[in-house]
>>> print(open('query-v3.txt').read())   # compact mmCIF, C-alpha atoms
# COMPACT_ATOMS: atom_id res chain seq x y z
CA PRO K 1 0.00 0.00 0.00
CA GLN K 2 2.93 2.43 0.41
CA TYR K 3 3.79 2.29 -3.30
CA ASP K 4 2.16 4.14 -6.18
CA ILE K 5 3.38 1.94 -9.03
CA ILE K 6 4.12 -1.79 -9.20
CA ALA K 7 6.34 -2.60 -12.18
CA ARG K 8 7.38 -5.98 -13.60
CA PHE K 9 10.88 -5.72 -15.04
CA GLN K 10 11.89 -9.19 -16.32
CA GLY K 11 10.75 -12.71 -17.05
CA GLY K 12 7.66 -14.03 -18.70
CA PRO K 13 4.58 -16.09 -17.86
CA ASN K 14 6.33 -18.72 -15.73
CA ALA K 15 4.61 -20.84 -13.09
CA GLY K 16 3.04 -17.71 -11.62
CA HIS K 17 2.81 -15.60 -8.49
CA THR K 18 0.18 -16.70 -5.99
CA LEU K 19 -1.59 -13.94 -4.07
CA GLU K 20 -3.90 -14.73 -1.19
CA PHE K 21 -6.22 -12.20 0.42
CA ASP K 22 -9.83 -12.05 1.60
CA GLY K 23 -9.81 -15.83 1.74
CA GLN K 24 -9.15 -16.21 -2.01
CA LYS K 25 -6.13 -17.23 -4.04
CA HIS K 26 -5.20 -15.47 -7.26
CA VAL K 27 -2.46 -16.61 -9.63
CA LEU K 28 -0.78 -13.98 -11.81
CA HIS K 29 1.69 -14.80 -14.60
CA THR K 30 2.38 -11.48 -16.32
CA ILE K 31 0.28 -8.77 -14.68
CA PRO K 32 1.98 -7.11 -11.66
CA SER K 33 0.65 -8.02 -8.22
CA GLY K 34 -0.69 -4.53 -7.49
CA VAL K 35 -3.53 -4.86 -9.98
CA PHE K 36 -6.03 -5.73 -7.25
CA ARG K 37 -5.29 -2.53 -5.29
CA GLU K 38 -7.50 0.41 -6.13
CA GLY K 39 -5.63 3.58 -6.98
CA LYS K 40 -2.39 1.80 -7.93
CA LEU K 41 -0.85 1.78 -11.39
CA ASN K 42 0.85 -1.34 -12.73
CA LEU K 43 3.45 -1.54 -15.47
CA ILE K 44 4.70 -4.42 -17.59
CA GLY K 45 8.17 -3.12 -18.42
CA ASN K 46 10.35 -3.43 -21.47
CA GLY K 47 12.35 -6.30 -19.94
CA VAL K 48 9.33 -8.61 -19.82
CA VAL K 49 8.30 -11.09 -22.52
CA ILE K 50 4.55 -11.48 -23.05
CA ASP K 51 2.51 -14.40 -24.34
CA PRO K 52 -0.65 -12.69 -25.66
CA VAL K 53 -2.78 -15.83 -25.10
CA ILE K 54 -1.80 -16.22 -21.46
CA PHE K 55 -2.13 -12.47 -20.99
CA GLN K 56 -5.66 -12.43 -22.45
CA ARG K 57 -6.69 -15.28 -20.17
CA GLU K 58 -5.18 -13.52 -17.18
CA VAL K 59 -6.98 -10.26 -17.93
CA ALA K 60 -10.27 -12.14 -18.14
CA GLU K 61 -9.69 -13.88 -14.82
CA VAL K 62 -8.74 -10.68 -12.99
CA SER K 63 -11.68 -8.82 -14.55
CA GLN K 64 -14.08 -11.36 -13.04
CA HIS K 65 -13.25 -9.84 -9.65
CA GLY K 66 -14.46 -6.40 -10.66
CA VAL K 67 -11.02 -5.05 -11.58
CA ASP K 68 -10.76 -2.69 -14.56
CA VAL K 69 -7.43 -4.04 -15.80
CA ARG K 70 -7.16 -1.59 -18.68
CA GLU K 71 -7.45 1.35 -16.28
CA ARG K 72 -4.81 0.03 -13.88
CA LEU K 73 -2.28 -1.52 -16.27
CA LEU K 74 0.22 -0.04 -18.71
CA ILE K 75 2.44 -2.02 -21.08
CA SER K 76 5.79 -1.07 -22.57
CA ARG K 77 6.00 -0.81 -26.33
CA LYS K 78 9.43 -2.44 -26.05
CA ALA K 79 8.28 -5.61 -24.25
CA HIS K 80 8.80 -8.62 -26.52
CA LEU K 81 6.12 -11.01 -27.76
CA ILE K 82 6.17 -14.77 -27.29
CA LEU K 83 5.00 -16.37 -30.55
CA PRO K 84 3.46 -19.83 -30.87
CA THR K 85 6.66 -20.93 -32.61
CA HIS K 86 8.72 -19.79 -29.61
CA ARG K 87 6.80 -22.31 -27.51
CA LEU K 88 7.35 -24.99 -30.15
CA LEU K 89 11.08 -24.27 -30.25
CA ASP K 90 11.21 -24.46 -26.48
CA ALA K 91 9.55 -27.88 -26.52
CA ALA K 92 11.71 -29.15 -29.39
CA ASN K 93 14.94 -28.06 -27.68
CA GLU K 94 13.95 -29.63 -24.38
CA GLN K 95 12.91 -32.88 -26.05
CA ASP K 96 16.21 -32.98 -27.94
CA LYS K 97 18.21 -32.72 -24.70
CA GLY K 98 16.79 -36.02 -23.44
CA LYS K 99 18.12 -36.82 -19.97
CA ASN K 100 20.04 -33.51 -19.97
CA LYS K 101 16.88 -31.39 -19.87
CA ILE K 102 17.20 -28.14 -17.93
CA GLY K 103 13.59 -28.12 -16.71
CA SER K 104 12.19 -25.44 -19.00
CA THR K 105 8.61 -24.35 -18.35
CA LEU K 106 8.06 -24.84 -22.12
CA ARG K 107 6.40 -21.43 -22.36
CA GLY K 108 8.73 -20.12 -25.05
CA ILE K 109 10.50 -17.67 -22.77
CA GLY K 110 14.07 -18.73 -23.57
CA PRO K 111 13.62 -18.68 -27.38
CA THR K 112 11.93 -15.27 -27.12
CA TYR K 113 14.90 -13.79 -25.26
CA MET K 114 17.18 -15.42 -27.85
CA ASP K 115 15.36 -13.53 -30.60
CA LYS K 116 15.50 -10.35 -28.53
CA THR K 117 19.28 -10.47 -28.16
CA GLY K 118 19.60 -11.70 -31.74
CA ARG K 119 17.69 -8.61 -32.91
CA ASN K 120 15.00 -10.69 -34.57
CA GLY K 121 12.15 -10.35 -32.10
CA LEU K 122 8.72 -8.77 -32.30
CA ARG K 123 7.81 -6.14 -29.71
CA VAL K 124 4.44 -5.03 -28.42
CA GLY K 125 4.74 -1.75 -30.33
CA ASP K 126 5.05 -3.68 -33.57
CA ILE K 127 1.42 -4.84 -33.40
CA PHE K 128 0.33 -1.31 -34.35
CA LEU K 129 2.48 -1.19 -37.50
CA PRO K 130 0.90 -1.75 -40.94
CA ASP K 131 3.46 -4.44 -41.78
CA PHE K 132 3.03 -6.39 -38.55
CA GLN K 133 1.76 -9.50 -40.38
CA ASP K 134 4.80 -9.46 -42.67
CA ARG K 135 7.13 -9.17 -39.67
CA TYR K 136 5.34 -12.05 -37.99
CA ASP K 137 5.52 -14.22 -41.12
CA ARG K 138 9.26 -13.60 -41.54
CA LEU K 139 10.03 -14.56 -37.96
CA VAL K 140 7.82 -17.65 -38.13
CA ALA K 141 9.57 -18.73 -41.35
CA LYS K 142 12.89 -18.49 -39.52
CA HIS K 143 11.52 -20.55 -36.63
CA GLU K 144 10.17 -23.24 -38.95
CA ARG K 145 13.60 -23.56 -40.54
CA LEU K 146 15.04 -24.10 -37.06
CA LEU K 147 12.32 -26.61 -36.20
CA GLY K 148 13.38 -28.56 -39.27
CA ASN K 149 16.55 -29.46 -37.35
CA PHE K 150 14.45 -31.59 -34.99
CA PRO K 151 13.18 -34.43 -37.20
CA GLY K 152 11.67 -36.28 -34.24
CA PHE K 153 9.52 -33.33 -33.25
CA SER K 154 6.07 -32.92 -34.80
CA TYR K 155 3.79 -29.92 -34.53
CA ASP K 156 0.74 -28.22 -36.00
CA LEU K 157 1.25 -24.45 -36.04
CA ALA K 158 -2.23 -23.83 -37.48
CA GLU K 159 -3.66 -25.22 -34.26
CA HIS K 160 -2.10 -22.41 -32.21
CA GLU K 161 -2.26 -19.32 -34.42
CA PRO K 162 -5.99 -18.37 -34.28
CA ALA K 163 -5.99 -17.94 -30.50
CA TRP K 164 -2.72 -16.00 -30.69
CA PHE K 165 -4.02 -13.47 -33.22
CA GLU K 166 -7.26 -13.12 -31.27
CA ALA K 167 -5.19 -12.30 -28.20
CA ILE K 168 -3.19 -9.74 -30.18
CA GLU K 169 -6.43 -7.83 -30.74
CA LYS K 170 -6.96 -7.76 -26.97
CA LEU K 171 -3.43 -6.47 -26.52
CA ARG K 172 -4.13 -3.66 -28.99
CA SER K 173 -6.95 -2.44 -26.72
CA MET K 174 -4.63 -1.96 -23.73
CA GLN K 175 -2.66 1.13 -22.70
CA VAL K 176 0.66 0.69 -24.55
CA ILE K 177 3.22 3.38 -23.74
CA ASP K 178 6.86 4.44 -23.96
CA SER K 179 7.38 3.12 -20.47
CA GLU K 180 10.97 4.23 -19.92
CA GLN K 181 9.96 7.88 -20.30
CA TRP K 182 6.84 7.40 -18.24
CA ILE K 183 8.53 5.67 -15.29
CA ASN K 184 11.19 8.36 -15.03
CA ASP K 185 8.55 11.08 -15.17
CA GLN K 186 6.75 9.33 -12.31
CA LEU K 187 9.93 9.19 -10.24
CA ASP K 188 10.56 12.88 -10.95
CA ALA K 189 7.06 13.57 -9.63
CA GLY K 190 7.91 11.81 -6.36
CA LYS K 191 6.01 8.59 -7.01
CA ARG K 192 7.19 5.41 -5.28
CA VAL K 193 7.86 2.40 -7.46
CA LEU K 194 8.01 -1.27 -6.45
CA ALA K 195 10.03 -3.32 -8.95
CA GLU K 196 8.66 -6.83 -9.21
CA GLY K 197 10.68 -9.71 -10.61
CA ALA K 198 9.64 -13.22 -11.58
CA GLN K 199 12.58 -15.21 -10.17
CA GLY K 200 15.21 -15.13 -7.45
CA THR K 201 18.95 -14.53 -7.71
CA MET K 202 19.89 -18.20 -8.20
CA LEU K 203 17.96 -18.19 -11.47
CA ASP K 204 19.81 -15.12 -12.78
CA ILE K 205 21.32 -15.71 -16.24
CA ASP K 206 24.77 -14.56 -15.02
CA PHE K 207 24.89 -15.35 -11.31
CA GLY K 208 22.50 -18.28 -10.96
CA THR K 209 23.11 -22.03 -11.05
CA TYR K 210 23.94 -22.00 -14.77
CA PRO K 211 22.69 -23.61 -17.00
CA PHE K 212 19.66 -24.25 -14.78
CA VAL K 213 18.65 -20.60 -14.89
CA THR K 214 16.19 -18.29 -16.57
CA SER K 215 17.02 -16.16 -19.63
CA SER K 216 17.06 -12.70 -18.05
CA THR K 217 18.65 -10.69 -15.25
CA THR K 218 16.72 -11.23 -12.03
CA THR K 219 18.86 -9.03 -9.76
CA ALA K 220 18.58 -5.30 -9.07
CA ALA K 221 20.55 -4.61 -12.26
CA GLY K 222 17.65 -6.13 -14.17
CA ALA K 223 15.34 -3.50 -12.70
CA CYS K 224 17.49 -0.83 -14.34
CA THR K 225 17.50 -2.34 -17.80
CA GLY K 226 14.02 -3.87 -17.55
CA LEU K 227 12.36 -0.57 -16.67
CA GLY K 228 14.70 1.99 -18.21
CA VAL K 229 15.73 3.41 -14.85
CA ALA K 230 19.27 4.87 -14.64
CA PRO K 231 21.53 3.13 -12.05
CA THR K 232 21.80 6.39 -10.13
CA ARG K 233 18.05 6.16 -9.47
CA ILE K 234 17.92 2.57 -8.27
CA GLY K 235 17.75 3.79 -4.67
CA GLU K 236 14.34 5.24 -5.54
CA VAL K 237 13.08 1.84 -6.67
CA ILE K 238 12.67 -1.02 -4.22
CA GLY K 239 13.07 -4.50 -5.70
CA ILE K 240 11.14 -7.62 -4.74
CA PHE K 241 12.28 -10.92 -6.18
CA LYS K 242 9.97 -13.91 -6.16
CA ALA K 243 10.97 -17.53 -6.60
CA TYR K 244 7.94 -19.79 -6.87
>>> encode(input="query-v3.txt", output="structure tokens")
Amino acid sequence: PQYDIIARFQGGPNAGHTLEFDGQKHVLHTIPSGVFREGKLNLIGNGVVIDPVIFQREVAEVSQHGVDVRERLLISRKAHLILPTHRLLDAANEQDKGKNKIGSTLRGIGPTYMDKTGRNGLRVGDIFLPDFQDRYDRLVAKHERLLGNFPGFSYDLAEHEPAWFEAIEKLRSMQVIDSEQWINDQLDAGKRVLAEGAQGTMLDIDFGTYPFVTSSTTTAAGACTGLGVAPTRIGEVIGIFKAY
């Protein structure tokens, strides 16, 4: 209650954060945990990767409790999108490892971060561009070439795409902003920000129990890059790191 803004800065829709209050349990995967608090703003920052299908489902579940998610939630234009083929690549890679599996959640998070660092990814802001479909098709074609390297893995992309594009329409109806400018303006105005992560330090890509880690920076440094907050301001942002 002492914070004005709750901001997710890394990770994707992993196993989820369980909130319990008023005798009820609520599981959130992408939406920050402050969404149930009236008068609080919530931000999905640029460092997060979003699966539109899971996000759409989550919005519907939260809305059932009388929460106006669109009013309380803002999304960074620079957050990356998890495509159906990212999930397929995740599953194919894990299957290929056999007994050396790393325990992936199979939600496409790792392959999405690979495309982000490889400068191939699609970002939330791209869904408003006139050539979004072309960008999607090019990335999917690349993924299908990669999937061809796993002859023992079968899939039906057409089974997954309709729900994904339907969820993209839902995403277009949300408040999508240049979050790095917005968050710094809020700090300048004296607002208090709670930075919310999805994993603990031992799952950090650099400092965790590699290779059994996540694909992003879970430490305080991740709050800087995942929200666009300069290191000199990190004292104004309190980090909370969850490991469920």
>>> residues_around(input="query-v3.txt", residues="His143 (chain K)", least_positions_apart="4", cutoff="12 Å", atoms="only C-alpha atoms", output="number ranges by chain")
K: 83-90, 92, 108, 111-112, 114-115, 120-121, 136-139, 147-150, 157
>>> closest_atom_pairs(input="query-v3.txt", of="region 78-189 of chain K", to="region 7-14 of chain K", cutoff="8 Å", atoms="only C-alpha atoms", output="tab-separated table")
residue	atom	partner	partner_atom	distance
K:Thr105	CA	K:Asn14	CA	6.6
K:Arg107	CA	K:Asn14	CA	7.2
K:Ile109	CA	K:Gly12	CA	6.2
>>> closest_residue(input="query-v3.txt", among="K:Asn100, K:Arg123, K:Gly34, K:Arg70", to="Phe212 (chain K)", atoms="all atoms listed in the file")
K:Asn100
>>> closest_residue(input="query-v3.txt", among="K:Glu20, K:Glu169, K:Glu180, K:Asp131", to="Val229 (chain K)", atoms="all atoms listed in the file")
K:Glu180
>>> residues_around(input="query-v3.txt", residues="Thr18 (chain K)", least_positions_apart="6", cutoff="9 Å", atoms="all atoms listed in the file", output="JSON, numbers by chain")
{"K": [25, 26, 27, 28, 29, 33, 244]}
>>> write_last_selection(input="query-v3.txt", atoms="C-alpha atoms", output="tab-separated table (two decimals), in the coordinates of the input")
chain	number	residue	atom	x	y	z
K	25	LYS	CA	-6.13	-17.23	-4.04
K	26	HIS	CA	-5.20	-15.47	-7.26
K	27	VAL	CA	-2.46	-16.61	-9.63
K	28	LEU	CA	-0.78	-13.98	-11.81
K	29	HIS	CA	1.69	-14.80	-14.60
K	33	SER	CA	0.65	-8.02	-8.22
K	244	TYR	CA	7.94	-19.79	-6.87
>>> residues_around(input="query-v3.txt", residues="Arg192 (chain K)", least_positions_apart="6", cutoff="7 Å", atoms="all atoms listed in the file", output="list of chain:residue names")
K:Tyr3, K:Asp4, K:Ile5
>>> closest_residue(input="query-v3.txt", among="K:Ser76, K:Thr232, K:Asn93, K:Thr217", to="Leu43 (chain K)", atoms="only C-alpha atoms")
K:Ser76
>>> closest_residue(input="query-v3.txt", among="K:Asp51, K:Glu71, K:Glu144, K:Asp204", to="Gln175 (chain K)", atoms="all atoms listed in the file")
K:Glu71
>>> residues_around(input="query-v3.txt", residues="Thr225 (chain K)", least_positions_apart="2", cutoff="12 Å", atoms="all atoms listed in the file", output="PyMOL selection string")
chain K and resi 8-10+45-48+78-79+179-180+195+216-223+227-231+233-234
>>> write_last_selection(input="query-v3.txt", atoms="C-alpha atoms", output="compact mmCIF listing (two decimals), keeping the file's coordinate frame")
# COMPACT_ATOMS: atom_id res chain seq x y z
CA ARG K 8 7.38 -5.98 -13.60
CA PHE K 9 10.88 -5.72 -15.04
CA GLN K 10 11.89 -9.19 -16.32
CA GLY K 45 8.17 -3.12 -18.42
CA ASN K 46 10.35 -3.43 -21.47
CA GLY K 47 12.35 -6.30 -19.94
CA VAL K 48 9.33 -8.61 -19.82
CA LYS K 78 9.43 -2.44 -26.05
CA ALA K 79 8.28 -5.61 -24.25
CA SER K 179 7.38 3.12 -20.47
CA GLU K 180 10.97 4.23 -19.92
CA ALA K 195 10.03 -3.32 -8.95
CA SER K 216 17.06 -12.70 -18.05
CA THR K 217 18.65 -10.69 -15.25
CA THR K 218 16.72 -11.23 -12.03
CA THR K 219 18.86 -9.03 -9.76
CA ALA K 220 18.58 -5.30 -9.07
CA ALA K 221 20.55 -4.61 -12.26
CA GLY K 222 17.65 -6.13 -14.17
CA ALA K 223 15.34 -3.50 -12.70
CA LEU K 227 12.36 -0.57 -16.67
CA GLY K 228 14.70 1.99 -18.21
CA VAL K 229 15.73 3.41 -14.85
CA ALA K 230 19.27 4.87 -14.64
CA PRO K 231 21.53 3.13 -12.05
CA ARG K 233 18.05 6.16 -9.47
CA ILE K 234 17.92 2.57 -8.27
>>> atom_distance(input="query-v3.txt", atom1="CA of Val193 (chain K)", atom2="CA of Ile6 (chain K)")
5.9 Å
>>> closest_residue(input="query-v3.txt", among="K:Thr214, K:Gly226, K:Leu19, K:Ser173", to="Glu196 (chain K)", atoms="all atoms listed in the file")
K:Gly226
>>> residues_around(input="query-v3.txt", residues="region 59-68 of chain K", least_positions_apart="3", cutoff="9 Å", atoms="all atoms listed in the file", output="PyMOL selection string")
chain K and resi 26+28+31+35-38+54-56+71-73
>>> write_last_selection(input="query-v3.txt", atoms="C-alpha atoms", output="CSV table (one decimal), in the frame of the given file")
chain,number,residue,atom,x,y,z
K,26,HIS,CA,-5.2,-15.5,-7.3
K,28,LEU,CA,-0.8,-14.0,-11.8
K,31,ILE,CA,0.3,-8.8,-14.7
K,35,VAL,CA,-3.5,-4.9,-10.0
K,36,PHE,CA,-6.0,-5.7,-7.2
K,37,ARG,CA,-5.3,-2.5,-5.3
K,38,GLU,CA,-7.5,0.4,-6.1
K,54,ILE,CA,-1.8,-16.2,-21.5
K,55,PHE,CA,-2.1,-12.5,-21.0
K,56,GLN,CA,-5.7,-12.4,-22.4
K,71,GLU,CA,-7.4,1.4,-16.3
K,72,ARG,CA,-4.8,0.0,-13.9
K,73,LEU,CA,-2.3,-1.5,-16.3
>>> atom_distance(input="query-v3.txt", atom1="CA of Ala158 (chain K)", atom2="CA of Gly110 (chain K)")
22.0 Å
>>> atom_distance(input="query-v3.txt", atom1="CA of Phe132 (chain K)", atom2="CA of Phe165 (chain K)")
11.3 Å
>>> axis_aligned_box(input="query-v3.txt", around="region 224-233 of chain K", padding_each_side="3 Å", output="JSON")
{"center_x": 17.1, "center_y": 1.3, "center_z": -13.8, "size_x": 15.4, "size_y": 16.3, "size_z": 14.7}
